[in-house]
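Okay, start_19.tsv is below, TSV, C-alpha atoms:
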chain	number	residue	atom	x	y	z
A	1	MET	CA	-52.63	-76.83	-2.87
A	2	ILE	CA	-49.00	-76.38	-1.77
A	3	LEU	CA	-48.11	-79.85	-3.07
A	4	THR	CA	-49.68	-79.10	-6.46
A	5	ARG	CA	-47.78	-75.83	-6.57
A	6	LEU	CA	-44.53	-77.62	-5.76
A	7	LYS	CA	-45.04	-80.08	-8.59
A	8	HIS	CA	-45.81	-77.16	-10.88
A	9	HIS	CA	-42.54	-75.45	-9.88
A	10	LEU	CA	-40.60	-78.63	-10.59
A	11	ALA	CA	-42.27	-78.91	-13.98
A	12	ALA	CA	-41.71	-75.25	-14.86
A	13	PHE	CA	-38.33	-74.32	-13.36
A	14	GLY	CA	-36.57	-77.66	-12.94
A	15	ALA	CA	-34.94	-79.20	-9.90
A	16	ASP	CA	-32.59	-76.34	-8.99
A	17	THR	CA	-34.58	-74.27	-6.52
A	18	ARG	CA	-32.40	-71.20	-7.21
A	19	ARG	CA	-34.44	-70.81	-10.38
A	20	TRP	CA	-37.72	-70.92	-8.46
A	21	PRO	CA	-39.72	-67.85	-7.42
A	22	LYS	CA	-38.18	-66.06	-4.45
A	23	LYS	CA	-41.44	-65.94	-2.50
A	24	HIS	CA	-41.51	-68.69	0.15
A	25	HIS	CA	-38.21	-69.89	-1.24
A	26	ARG	CA	-37.08	-71.62	1.97
A	27	LEU	CA	-40.34	-73.54	2.20
A	28	TRP	CA	-40.08	-74.69	-1.41
A	29	HIS	CA	-36.45	-75.65	-0.95
A	30	TRP	CA	-37.26	-77.72	2.11
A	31	LEU	CA	-40.29	-79.39	0.52
A	32	ALA	CA	-38.45	-80.18	-2.69
A	33	GLY	CA	-35.86	-82.07	-0.64
A	34	THR	CA	-38.38	-84.33	1.07
A	35	PRO	CA	-38.65	-87.98	-0.09
A	36	ARG	CA	-42.25	-87.52	-1.10
A	37	PHE	CA	-41.20	-85.69	-4.28
A	38	ARG	CA	-38.23	-87.88	-5.09
A	39	ASN	CA	-39.67	-89.08	-8.39
A	40	GLU	CA	-40.62	-85.64	-9.68
A	41	ARG	CA	-37.34	-84.17	-8.55
A	42	SER	CA	-35.15	-86.85	-10.11
A	43	GLU	CA	-37.10	-86.56	-13.36
A	44	ALA	CA	-36.56	-82.80	-13.39
A	45	GLU	CA	-32.87	-83.28	-12.54
A	46	ARG	CA	-32.36	-85.62	-15.49
A	47	LEU	CA	-33.84	-83.09	-17.88
A	48	ASP	CA	-31.76	-80.31	-16.28
A	49	ARG	CA	-28.58	-82.30	-16.84
A	50	VAL	CA	-29.40	-82.70	-20.53
A	51	LEU	CA	-30.32	-79.02	-20.92
A	52	ASP	CA	-27.07	-77.99	-19.22
A	53	ARG	CA	-25.11	-79.65	-22.03
A	54	TRP	CA	-25.97	-76.69	-24.22
A	55	GLN	CA	-23.78	-74.11	-22.62
A	56	GLY	CA	-23.86	-70.56	-23.86
A	57	GLU	CA	-21.20	-69.35	-26.21
A	58	ALA	CA	-19.24	-66.33	-25.16
A	59	PRO	CA	-19.37	-63.46	-27.63
A	60	SER	CA	-16.34	-62.61	-29.68
A	61	GLU	CA	-13.80	-60.51	-27.81
A	62	HIS	CA	-14.21	-57.46	-29.99
A	63	LEU	CA	-18.02	-57.39	-30.00
A	64	ALA	CA	-18.40	-55.03	-27.06
A	65	GLN	CA	-15.74	-52.68	-28.43
A	66	ARG	CA	-17.36	-52.68	-31.86
A	67	ILE	CA	-20.75	-51.89	-30.36
A	68	ILE	CA	-19.32	-49.01	-28.34
A	69	GLN	CA	-17.53	-47.50	-31.35
A	70	GLN	CA	-20.61	-47.72	-33.55
A	71	ALA	CA	-22.99	-46.36	-30.95
A	72	LEU	CA	-20.89	-43.44	-29.80
A	73	ALA	CA	-20.51	-42.27	-33.40
A	74	LEU	CA	-24.27	-41.67	-33.47
A	75	PRO	CA	-25.97	-38.63	-31.98
A	76	GLN	CA	-28.36	-39.18	-29.12
A	77	GLN	CA	-31.97	-38.31	-29.74
A	78	SER	CA	-32.83	-35.17	-27.85
A	79	MET	CA	-35.91	-35.58	-25.77
A	80	PRO	CA	-38.35	-32.85	-24.75
A	81	PRO	CA	-38.13	-31.90	-21.06
A	82	ILE	CA	-40.02	-34.39	-19.00
A	83	ALA	CA	-43.23	-33.02	-17.53
A	84	PRO	CA	-43.60	-33.58	-13.79
A	85	GLN	CA	-45.34	-36.84	-13.00
A	86	PRO	CA	-48.94	-36.43	-11.84
A	87	ASP	CA	-48.24	-38.39	-8.68
A	88	ILE	CA	-45.44	-36.03	-7.60
A	89	VAL	CA	-47.00	-33.20	-5.59
A	90	VAL	CA	-45.22	-30.00	-6.57
A	91	TRP	CA	-47.92	-27.54	-5.38
A	92	PRO	CA	-50.70	-29.13	-3.32
A	93	PHE	CA	-53.21	-26.37	-4.13
A	94	ALA	CA	-52.76	-26.57	-7.88
A	95	SER	CA	-56.41	-27.36	-8.49
A	96	TYR	CA	-57.54	-24.44	-6.26
A	97	TRP	CA	-55.10	-21.97	-7.76
A	98	PRO	CA	-57.33	-20.36	-10.44
A	99	GLY	CA	-60.20	-19.92	-7.98
A	100	MET	CA	-57.94	-18.51	-5.26
A	101	ALA	CA	-56.31	-16.10	-7.72
A	102	THR	CA	-59.66	-14.81	-8.95
A	103	PHE	CA	-60.89	-14.37	-5.39
A	104	GLY	CA	-57.71	-12.53	-4.41
A	105	LEU	CA	-57.90	-10.23	-7.43
A	106	ALA	CA	-61.55	-9.48	-6.73
A	107	LEU	CA	-60.71	-8.71	-3.08
A	108	ILE	CA	-57.92	-6.31	-4.05
A	109	MET	CA	-60.08	-4.61	-6.65
A	110	GLY	CA	-62.87	-4.26	-4.09
A	111	CYS	CA	-60.54	-2.67	-1.53
A	112	LEU	CA	-59.14	-0.28	-4.14
A	113	LEU	CA	-62.59	0.71	-5.24
A	114	GLY	CA	-63.70	1.15	-1.65
A	115	TRP	CA	-60.69	3.29	-0.82
A	116	TYR	CA	-60.41	5.50	-3.87
A	117	GLY	CA	-63.90	5.30	-5.25
A	118	GLY	CA	-65.57	7.53	-2.53
A	119	GLY	CA	-65.33	10.76	-4.56
A	120	THR	CA	-66.82	9.29	-7.63
A	121	ASN	CA	-69.61	7.43	-5.95
A	122	GLY	CA	-72.90	9.27	-6.65
A	123	THR	CA	-74.75	8.02	-3.65
A	124	THR	CA	-72.16	9.25	-1.17
A	125	SER	CA	-72.01	12.68	-2.85
A	126	GLU	CA	-75.80	13.03	-2.79
A	127	ASP	CA	-75.89	12.15	0.90
A	128	TRP	CA	-73.34	14.88	1.57
A	129	LEU	CA	-75.30	17.42	-0.48
A	130	ASN	CA	-78.56	16.55	1.33
A	131	THR	CA	-76.86	16.89	4.68
A	132	ALA	CA	-75.40	20.28	3.70
A	133	ALA	CA	-78.77	21.50	2.39
A	134	LEU	CA	-80.64	20.41	5.50
A	135	SER	CA	-78.15	21.76	8.05
A	136	PRO	CA	-79.64	25.38	8.15
A	137	MET	CA	-83.12	23.95	8.56
A	138	GLN	CA	-81.95	21.88	11.45
A	139	GLU	CA	-81.32	25.07	13.42
A	140	ASP	CA	-84.93	26.21	12.79
A	141	PHE	CA	-86.26	22.95	14.07
A	142	SER	CA	-84.11	23.05	17.15
A	143	GLU	CA	-85.38	26.61	18.04
A	144	ARG	CA	-88.88	25.31	18.25
B	1	MET	CA	-15.41	-70.71	-25.96
B	2	LYS	CA	-18.10	-71.36	-23.36
B	3	SER	CA	-19.58	-68.90	-20.97
B	4	GLY	CA	-21.22	-71.34	-18.55
B	5	THR	CA	-24.87	-71.44	-17.59
B	6	GLY	CA	-26.63	-68.13	-17.24
B	7	LEU	CA	-27.52	-68.78	-13.63
B	8	GLN	CA	-23.87	-69.21	-12.71
B	9	SER	CA	-22.65	-66.36	-14.87
B	10	ARG	CA	-25.27	-64.06	-13.41
B	11	GLN	CA	-24.24	-64.90	-9.86
B	12	ARG	CA	-20.59	-64.28	-10.78
B	13	GLU	CA	-21.63	-61.02	-12.42
B	14	GLN	CA	-23.49	-59.88	-9.31
B	15	LYS	CA	-20.53	-60.69	-7.04
B	16	SER	CA	-17.96	-58.93	-9.19
B	17	ASP	CA	-20.17	-55.91	-9.75
B	18	ALA	CA	-21.15	-55.42	-6.15
B	19	PRO	CA	-19.01	-52.34	-5.46
B	20	ALA	CA	-19.51	-50.87	-8.95
B	21	ALA	CA	-22.15	-48.31	-9.84
B	22	GLY	CA	-25.57	-49.82	-10.46
B	23	ASP	CA	-27.09	-50.07	-13.93
B	24	GLU	CA	-29.66	-47.43	-13.17
B	25	VAL	CA	-27.02	-44.94	-12.01
B	26	LEU	CA	-24.97	-45.60	-15.14
B	27	MET	CA	-28.03	-45.25	-17.33
B	28	GLY	CA	-28.74	-41.89	-15.72
B	29	ARG	CA	-25.30	-40.79	-16.91
B	30	VAL	CA	-25.85	-42.27	-20.37
B	31	VAL	CA	-28.95	-40.11	-20.69
B	32	GLN	CA	-26.63	-37.11	-20.23
B	33	GLY	CA	-24.32	-38.44	-22.97
B	34	ASN	CA	-21.63	-40.00	-20.79
B	35	HIS	CA	-19.48	-42.32	-22.97
B	36	GLU	CA	-17.76	-44.08	-20.10
B	37	ALA	CA	-21.02	-45.09	-18.45
B	38	PHE	CA	-22.28	-46.50	-21.76
B	39	SER	CA	-19.06	-48.49	-22.23
B	40	LEU	CA	-19.43	-49.97	-18.75
B	41	LEU	CA	-23.01	-51.01	-19.45
B	42	VAL	CA	-22.05	-52.60	-22.77
B	43	HIS	CA	-19.20	-54.59	-21.22
B	44	ARG	CA	-21.36	-55.64	-18.29
B	45	HIS	CA	-24.37	-56.86	-20.26
B	46	THR	CA	-22.88	-58.12	-23.52
B	47	PRO	CA	-22.16	-61.73	-22.39
B	48	ARG	CA	-25.60	-62.35	-20.95
B	49	MET	CA	-27.56	-60.60	-23.68
B	50	TYR	CA	-25.50	-62.22	-26.39
B	51	ALA	CA	-26.23	-65.65	-24.88
B	52	LEU	CA	-29.92	-64.78	-24.75
B	53	ALA	CA	-30.02	-63.64	-28.38
B	54	ARG	CA	-27.96	-66.66	-29.43
B	55	ARG	CA	-30.37	-69.09	-27.78
B	56	ILE	CA	-33.45	-67.44	-29.28
B	57	SER	CA	-32.13	-66.70	-32.76
B	58	GLY	CA	-29.97	-69.81	-33.10
B	59	LEU	CA	-27.10	-68.18	-34.99
B	60	SER	CA	-24.11	-66.39	-33.54
B	61	ALA	CA	-23.80	-63.88	-36.41
B	62	GLU	CA	-27.46	-62.96	-36.03
B	63	ALA	CA	-27.08	-62.71	-32.26
B	64	GLU	CA	-24.21	-60.26	-32.71
B	65	GLU	CA	-26.25	-58.10	-35.07
B	66	ILE	CA	-29.21	-58.14	-32.69
B	67	LEU	CA	-27.01	-57.10	-29.81
B	68	GLN	CA	-25.45	-54.29	-31.82
B	69	ASP	CA	-28.87	-53.07	-32.83
B	70	ALA	CA	-30.13	-53.27	-29.24
B	71	PHE	CA	-27.25	-51.25	-27.79
B	72	LEU	CA	-27.50	-48.67	-30.59
B	73	ARG	CA	-31.12	-48.18	-29.60
B	74	VAL	CA	-30.13	-47.86	-25.95
B	75	TRP	CA	-27.63	-45.10	-26.80
B	76	VAL	CA	-29.76	-43.20	-29.30
B	77	ASN	CA	-33.00	-43.44	-27.32
B	78	ALA	CA	-31.46	-43.22	-23.86
B	79	GLY	CA	-33.78	-40.30	-23.09
B	80	THR	CA	-36.82	-42.57	-23.23
B	81	TRP	CA	-35.55	-44.72	-20.39
B	82	SER	CA	-36.83	-44.14	-16.88
B	83	PRO	CA	-36.49	-46.25	-13.73
B	84	GLN	CA	-40.27	-46.57	-13.67
B	85	LYS	CA	-40.00	-48.87	-16.70
B	86	GLY	CA	-38.20	-51.47	-14.59
B	87	THR	CA	-34.57	-52.37	-14.18
B	88	PHE	CA	-32.12	-51.68	-16.98
B	89	ALA	CA	-31.52	-55.43	-17.51
B	90	VAL	CA	-35.24	-56.01	-18.01
B	91	TRP	CA	-35.50	-53.05	-20.40
B	92	LEU	CA	-32.52	-54.23	-22.43
B	93	GLY	CA	-33.79	-57.82	-22.32
B	94	ARG	CA	-37.10	-56.67	-23.75
B	95	ILE	CA	-35.34	-54.85	-26.60
B	96	VAL	CA	-33.24	-57.93	-27.39
B	97	VAL	CA	-36.19	-60.33	-27.22
B	98	ASN	CA	-38.35	-58.08	-29.42
B	99	LEU	CA	-35.58	-57.80	-32.00
B	100	CYS	CA	-35.15	-61.59	-31.99
B	101	ILE	CA	-38.88	-62.17	-32.42
B	102	ASP	CA	-39.12	-59.53	-35.16
B	103	ARG	CA	-36.36	-61.24	-37.10
B	104	ARG	CA	-38.00	-64.63	-36.69
B	105	ARG	CA	-41.22	-63.23	-38.08
B	106	GLY	CA	-39.47	-61.98	-41.21
B	107	ASP	CA	-37.52	-64.02	-43.67
B	108	ARG	CA	-35.10	-66.47	-42.24
B	109	TYR	CA	-31.77	-64.75	-41.77
B	110	GLU	CA	-28.97	-65.99	-43.98
B	111	PRO	CA	-25.53	-65.36	-42.55
B	112	TRP	CA	-22.81	-64.12	-44.86
B	113	GLY	CA	-19.99	-66.15	-43.42
B	114	ASP	CA	-19.64	-69.70	-42.25
B	115	ASP	CA	-21.40	-69.71	-38.91
B	116	GLU	CA	-20.61	-73.25	-37.85
B	117	PRO	CA	-18.02	-73.39	-35.09
B	118	LEU	CA	-14.85	-75.16	-36.06
B	119	ILE	CA	-13.97	-78.20	-34.04
B	120	GLU	CA	-10.40	-77.98	-32.92
B	121	ALA	CA	-8.17	-80.97	-33.50
B	122	ARG	CA	-7.58	-82.63	-30.17
B	123	SER	CA	-6.44	-85.96	-28.94
B	124	ASP	CA	-9.87	-86.79	-27.54
B	125	LEU	CA	-11.58	-85.93	-30.79
B	126	GLU	CA	-14.03	-88.80	-30.54
B	127	SER	CA	-15.28	-87.81	-27.14
B	128	GLU	CA	-15.41	-84.20	-28.26
B	129	LEU	CA	-17.48	-85.14	-31.27
B	130	PHE	CA	-19.86	-87.19	-29.14
B	131	GLN	CA	-20.39	-84.31	-26.77
B	132	GLN	CA	-20.75	-81.94	-29.69
B	133	GLN	CA	-23.47	-84.14	-31.18
B	134	GLN	CA	-25.36	-84.22	-27.91
B	135	THR	CA	-25.10	-80.47	-27.55
B	136	GLU	CA	-26.40	-80.04	-31.07
B	137	GLN	CA	-29.32	-82.36	-30.32
B	138	VAL	CA	-30.26	-80.26	-27.30
B	139	ALA	CA	-29.84	-77.02	-29.25
B	140	LEU	CA	-31.93	-78.36	-32.11
B	141	ALA	CA	-34.70	-79.57	-29.79
B	142	ILE	CA	-34.84	-76.14	-28.17
B	143	GLU	CA	-34.78	-74.40	-31.54
B	144	GLU	CA	-37.78	-76.44	-32.64
B	145	LEU	CA	-39.87	-75.10	-29.77
B	146	PRO	CA	-42.32	-72.27	-30.52
B	147	VAL	CA	-40.53	-68.96	-30.18
B	148	ARG	CA	-42.30	-67.87	-26.99
B	149	GLN	CA	-41.59	-71.15	-25.21
B	150	ARG	CA	-37.98	-70.97	-26.34
B	151	THR	CA	-37.67	-67.38	-25.15
B	152	ALA	CA	-39.22	-68.18	-21.77
B	153	LEU	CA	-36.80	-71.08	-21.32
B	154	ALA	CA	-33.80	-68.98	-22.39
B	155	LEU	CA	-34.74	-66.20	-19.97
B	156	CYS	CA	-35.59	-68.26	-16.90
B	157	TYR	CA	-33.54	-71.42	-17.24
B	158	TYR	CA	-30.40	-70.28	-19.01
B	159	GLU	CA	-30.03	-66.58	-18.30
B	160	GLY	CA	-31.21	-66.48	-14.72
B	161	PHE	CA	-34.00	-63.93	-15.00
B	162	SER	CA	-36.63	-64.31	-12.27
B	163	ASN	CA	-40.11	-65.35	-13.33
B	164	ALA	CA	-41.41	-61.82	-12.70
B	165	GLU	CA	-38.63	-60.26	-14.79
B	166	ALA	CA	-39.13	-62.74	-17.62
B	167	ALA	CA	-42.87	-62.12	-17.57
B	168	GLU	CA	-42.21	-58.37	-17.78
B	169	ILE	CA	-39.84	-58.85	-20.72
B	170	LEU	CA	-42.37	-60.98	-22.58
B	171	ASP	CA	-45.19	-58.66	-21.52
B	172	ILE	CA	-47.30	-61.50	-20.13
B	173	SER	CA	-48.49	-62.54	-16.68
B	174	VAL	CA	-46.35	-64.69	-14.41
B	175	GLY	CA	-48.92	-67.47	-14.71
B	176	ALA	CA	-48.72	-67.39	-18.51
B	177	LEU	CA	-44.93	-67.49	-18.32
B	178	GLU	CA	-44.99	-70.52	-16.06
B	179	ALA	CA	-47.40	-72.25	-18.43
B	180	LEU	CA	-44.97	-71.59	-21.29
B	181	LEU	CA	-42.13	-73.08	-19.24
B	182	VAL	CA	-44.13	-76.18	-18.33
B	183	ARG	CA	-45.04	-76.76	-21.98
B	184	ALA	CA	-41.47	-76.18	-23.12
B	185	ARG	CA	-39.99	-78.64	-20.63
B	186	ARG	CA	-42.67	-81.22	-21.38
B	187	ALA	CA	-41.93	-81.03	-25.10
B	188	LEU	CA	-38.19	-81.21	-24.47
B	189	ARG	CA	-38.59	-84.24	-22.21
B	190	GLU	CA	-40.27	-86.07	-25.08
B	191	ARG	CA	-37.82	-84.93	-27.75
B	192	LEU	CA	-34.73	-85.57	-25.70
B	193	ALA	CA	-35.93	-88.84	-24.17
B	194	PRO	CA	-33.02	-90.89	-25.62
B	195	LEU	CA	-30.50	-88.49	-24.09
B	196	ILE	CA	-32.31	-88.36	-20.76
B	197	ARG	CA	-32.27	-92.15	-20.45
B	198	THR	CA	-28.51	-92.43	-21.09
Is it possible to express this structure as structure tokens?
Amino acid sequence: MILTRLKHHLAAFGADTRRWPKKHHRLWHWLAGTPRFRNERSEAERLDRVLDRWQGEAPSEHLAQRIIQQALALPQQSMPPIAPQPDIVVWPFASYWPGMATFGLALIMGCLLGWYGGGTNGTTSEDWLNTAALSPMQEDFSER
Amino acid sequence: MKSGTGLQSRQREQKSDAPAAGDEVLMGRVVQGNHEAFSLLVHRHTPRMYALARRISGLSAEAEEILQDAFLRVWVNAGTWSPQKGTFAVWLGRIVVNLCIDRRRGDRYEPWGDDEPLIEARSDLESELFQQQQTEQVALAIEELPVRQRTALALCYYEGFSNAEAAEILDISVGALEALLVRARRALRERLAPLIRT
């Protein structure tokens, strides 16, 4: 498996192991230097030497300056403000927020009603009236 | 004027840029409209990206236009960049490669001026011509490759991108990239057999 992979690397990236994948680089470098792969390596080296004859041209000296002048004359496209990424936790209870708010509001309303709503509540008033009406009769009962 | 192989130029680039601000930091400033940061990025990446465009497109005038277009897009659309999209070099490489491929799909570009490099008169003209011919043979063989194979070779072999970065630029898997490289080198070995034997 490893040997097949090594041959594949030689065929894909050439003989210079600096071009090879970085993973297990030292192992590949050591294996590529062993005599067992001499033929594959020398074949890859020959092709590398030929490919290296086509060296890259440097760009003209003024290219970078021309690019900068042209680009900076243009306005940058304004982008809408970036929405927070879903994986960034800004408020951990975001999904519970509507439910918690409703519960809180209901609790406050309940307390307010309980506190100030006594005078308007019919049941409480009737109880008070009944108590007041029955209080003289209570004395009669207690005499007996 | 030669710039050397991409692998070497990239290593030189990394050494000389070590204390300088990273691409991603500079790009963060470009997003805010910083001219100096943009200039630094252009100067830093022009040689490598020009070489990449030149190897894919085949013409220096076209490569210059592609590079201009790519950097204009970087400046104008800087707000669309985010570090989550990968490194700046990979992002820029993808823009350059896409522009090259788009142009190849359309009509063949016809340069306005004479694009052929002039051979300077030298005492060792014969040797120069011989080397020039060999270079042209290699360039021609690479130009005859299918565009994706040529791009994969330019990215990994000449410009020193890692296989993962090149795969990201081409928007393919690493395995598919390696298959492209194997096919490209196999085809080149056949086409350049006379040169390899000498």
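Using all atoms listed in the file for every distance, the candidate list B:Leu177, B:Cys156, B:Ala89, B:Val30 yields B:Cys156 as the residue closest to Arg18 (chain A).
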Next on the checklist: Please compute the CA of His43 (chain B)-CA of Ile56 (chain B) distance, one decimal, in Å.
Outcome noted: 20.8 Å
Checklist entry - Expressed in Å to a single decimal, how great is the separation between CA of Glu143 (chain B) and CA of Gly160 (chain B)? => result 18.9 Å
Next on the checklist: Could you tell me how far CA of Glu126 (chain B) sits from CA of Leu192 (chain B), in Å to one decimal place?
Outcome noted: 21.5 Å
Can you list, as a short mmCIF file (atom, residue, chain, number, x, y, z; two decimals) with C-alpha atoms, in the coordinates of the input, every protein, DNA or RNA residue that comes within 12 Å of region 46-49 of chain A when you count only C-alpha atoms, leaving out same-chain residues fewer than 6 positions away?
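File written: result-v1.cif
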data_model
loop_
_atom_site.label_atom_id
_atom_site.label_comp_id
_atom_site.auth_asym_id
_atom_site.auth_seq_id
_atom_site.Cartn_x
_atom_site.Cartn_y
_atom_site.Cartn_z
CA LEU A 10 -40.60 -78.63 -10.59
CA ALA A 11 -42.27 -78.91 -13.98
CA ALA A 12 -41.71 -75.25 -14.86
CA PHE A 13 -38.33 -74.32 -13.36
CA GLY A 14 -36.57 -77.66 -12.94
CA ALA A 15 -34.94 -79.20 -9.90
CA ASP A 16 -32.59 -76.34 -8.99
CA THR A 17 -34.58 -74.27 -6.52
CA ARG A 19 -34.44 -70.81 -10.38
CA ASN A 39 -39.67 -89.08 -8.39
CA GLU A 40 -40.62 -85.64 -9.68
CA GLN A 55 -23.78 -74.11 -22.62
CA THR B 5 -24.87 -71.44 -17.59
CA GLN B 134 -25.36 -84.22 -27.91
CA THR B 135 -25.10 -80.47 -27.55
CA VAL B 138 -30.26 -80.26 -27.30
CA LEU B 153 -36.80 -71.08 -21.32
CA TYR B 157 -33.54 -71.42 -17.24
CA TYR B 158 -30.40 -70.28 -19.01
CA ALA B 184 -41.47 -76.18 -23.12
CA ARG B 185 -39.99 -78.64 -20.63
CA ARG B 186 -42.67 -81.22 -21.38
CA ALA B 187 -41.93 -81.03 -25.10
CA LEU B 188 -38.19 -81.21 -24.47
CA ARG B 189 -38.59 -84.24 -22.21
CA GLU B 190 -40.27 -86.07 -25.08
CA ARG B 191 -37.82 -84.93 -27.75
CA LEU B 192 -34.73 -85.57 -25.70
CA ALA B 193 -35.93 -88.84 -24.17
CA PRO B 194 -33.02 -90.89 -25.62
CA LEU B 195 -30.50 -88.49 -24.09
CA ILE B 196 -32.31 -88.36 -20.76
CA ARG B 197 -32.27 -92.15 -20.45
CA THR B 198 -28.51 -92.43 -21.09
#
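Nearest to chain B of all the residues A:Leu112, A:Leu105, A:Ala64, A:Met1 is A:Ala64, based on all atoms listed in the file.
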Next on the checklist: Could you check the closest approach to Leu59 (chain B) for each of A:Asp52, A:Glu45, A:Pro59, A:His9 and tell me which residue wins, using only C-alpha atoms?
Outcome noted: A:Pro59
Item to check | Surrounding residues of Ala152 (chain B) excluding itself and chain neighbours under 6 positions, 8 Å, all atoms listed in the file, as a ChimeraX atom specification | outcome: /B:166,170,177,180-181
Item to check | Expected answer as a ChimeraX atom specification: all residues with atoms within 12 Å of (-44.9, -57.4, -19.2), only C-alpha atoms | outcome: /B:85-86,90-91,93-94,163-177
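Comparing A:Trp54, A:Trp30, A:Phe37, A:Trp115 by their smallest distance to chain B, the closest is A:Trp54 (using all atoms listed in the file).
Among the candidate residues B:Leu26, B:Leu129, B:Ile95, B:Ala61, the one lying nearest to chain A is B:Ala61, with distances computed using only C-alpha atoms.
Nearest to chain B of all the residues A:Leu31, A:Ala106, A:Tyr116, A:Trp20 is A:Trp20, based on only C-alpha atoms.
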Checklist entry - Around (-16.9, -58.4, -30.8) in the file's frame, which residues reach within 12 Å when counting all atoms listed in the file? Return as a list in words? => result Ala58, Pro59, Ser60, Glu61, His62, Leu63, Ala64, Gln65, Arg66, Ile67, Ile68, Gln69 and Gln70 of chain A; Val42, His43, Thr46, Pro47, Tyr50, Ser60, Ala61, Ala63, Glu64, Glu65, Leu67 and Gln68 of chain B
Show me, as lines of an AutoDock Vina configuration file, the centre and edge lengths in Å to one decimal of the axis-aligned box that covers every listed atom of region 27-46 of chain A with 5 Å on each side.
center_x = -37.3
center_y = -81.3
center_z = -6.6
size_x = 19.9
size_y = 25.5
size_z = 27.7
